[in-house]
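What follows is a short report on a single structure.
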Amino acid sequence: MKFRNAQIHIPLAIVCAVLLTSALKPNLTMADKNNKVPENVPGPWYVDNELCTPCRVCLDEAPELLQYNADESKVYFYKQPEGDELAKAQSARDVCPQAAIAEDGE
């Protein structure tokens, strides 16, 4: 048997899955209520100080609830959601790529 010039064909779907899995590397940890960004207002909704990477995704979902801290290194809840704002907070939590937003605080 000669293997010179042999080609291995790997299905494109497998290649894409491997590349995406290694590139995205989702955060598998959850927000910790004992590690809130200091500026978070008291209440159940908070942003985890260690997990937050200010990517702005959550700010686009809930600008009426979230904002950057003074040096723009973290995002925090400056207002706890009420009524219809609850859906906005949930949306911000759901889109956070670092799982840094939670509602199990105080």
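Chain labels run A, B, ... following the order of the structure tokens; each chain numbers its residues from 1, and ligands are numbered from 1 in the order shown.
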(message) I'd like the contact shell of Val95 of chain A - 12 Å cut-off, only C-alpha atoms, skipping same-chain residues fewer than 2 positions apart - returned as a ChimeraX atom specification.
(response) /A:55-62,88-93,97-102
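Neighbours of Val37 of chain A closer than or equal to 6 Å, with only C-alpha atoms counted and sequence neighbours fewer than 2 positions away skipped, come out as Glu39, Asn40, Val47, Asp48 and Asn49 of chain A.
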Please produce an output containing C-alpha atoms for each residue in the selection, written as a short mmCIF file (atom, residue, chain, number, x, y, z; two decimals), in the first residue's frame.
```cif
data_model
loop_
_atom_site.label_atom_id
_atom_site.label_comp_id
_atom_site.auth_asym_id
_atom_site.auth_seq_id
_atom_site.Cartn_x
_atom_site.Cartn_y
_atom_site.Cartn_z
CA GLU A 39 -21.45 49.72 43.29
CA ASN A 40 -24.43 47.33 42.97
CA VAL A 47 -23.12 41.59 38.80
CA ASP A 48 -20.22 39.40 39.96
CA ASN A 49 -17.01 41.39 40.44
#
```
(request) Enter the distance from atom CA of Asp84 of chain A to atom CA of Thr29 of chain A, in Å, rounded to one decimal. (result)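 Answer for the atom CA of Asp84 of chain A to atom CA of Thr29 of chain A separation: 28.3 Å.
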If we count only C-alpha atoms, what is near Lys74 of chain A at a cut-off of 7 Å, once residues fewer than 6 positions away on the same chain are taken out, given as a PDB file with N, CA and C atoms, in the first residue's frame?
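Writing done, so here's selection03.pdb:
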```pdb
ATOM      1  N   CYS A  52     -17.311  39.581  35.640  1.00  0.00           N
ATOM      2  CA  CYS A  52     -17.667  40.618  34.665  1.00  0.00           C
ATOM      3  C   CYS A  52     -16.451  41.055  33.850  1.00  0.00           C
ATOM      4  N   THR A  53     -16.615  40.972  32.552  1.00  0.00           N
ATOM      5  CA  THR A  53     -15.662  41.559  31.609  1.00  0.00           C
ATOM      6  C   THR A  53     -16.491  42.564  30.824  1.00  0.00           C
ATOM      7  N   PRO A  54     -16.253  43.839  30.957  1.00  0.00           N
ATOM      8  CA  PRO A  54     -17.187  44.840  30.434  1.00  0.00           C
ATOM      9  C   PRO A  54     -17.329  44.785  28.909  1.00  0.00           C
ATOM     10  N   TYR A  68     -21.704  51.292  33.604  1.00  0.00           N
ATOM     11  CA  TYR A  68     -20.301  51.075  33.936  1.00  0.00           C
ATOM     12  C   TYR A  68     -19.965  51.742  35.261  1.00  0.00           C
TER      13      TYR A  68
END
```
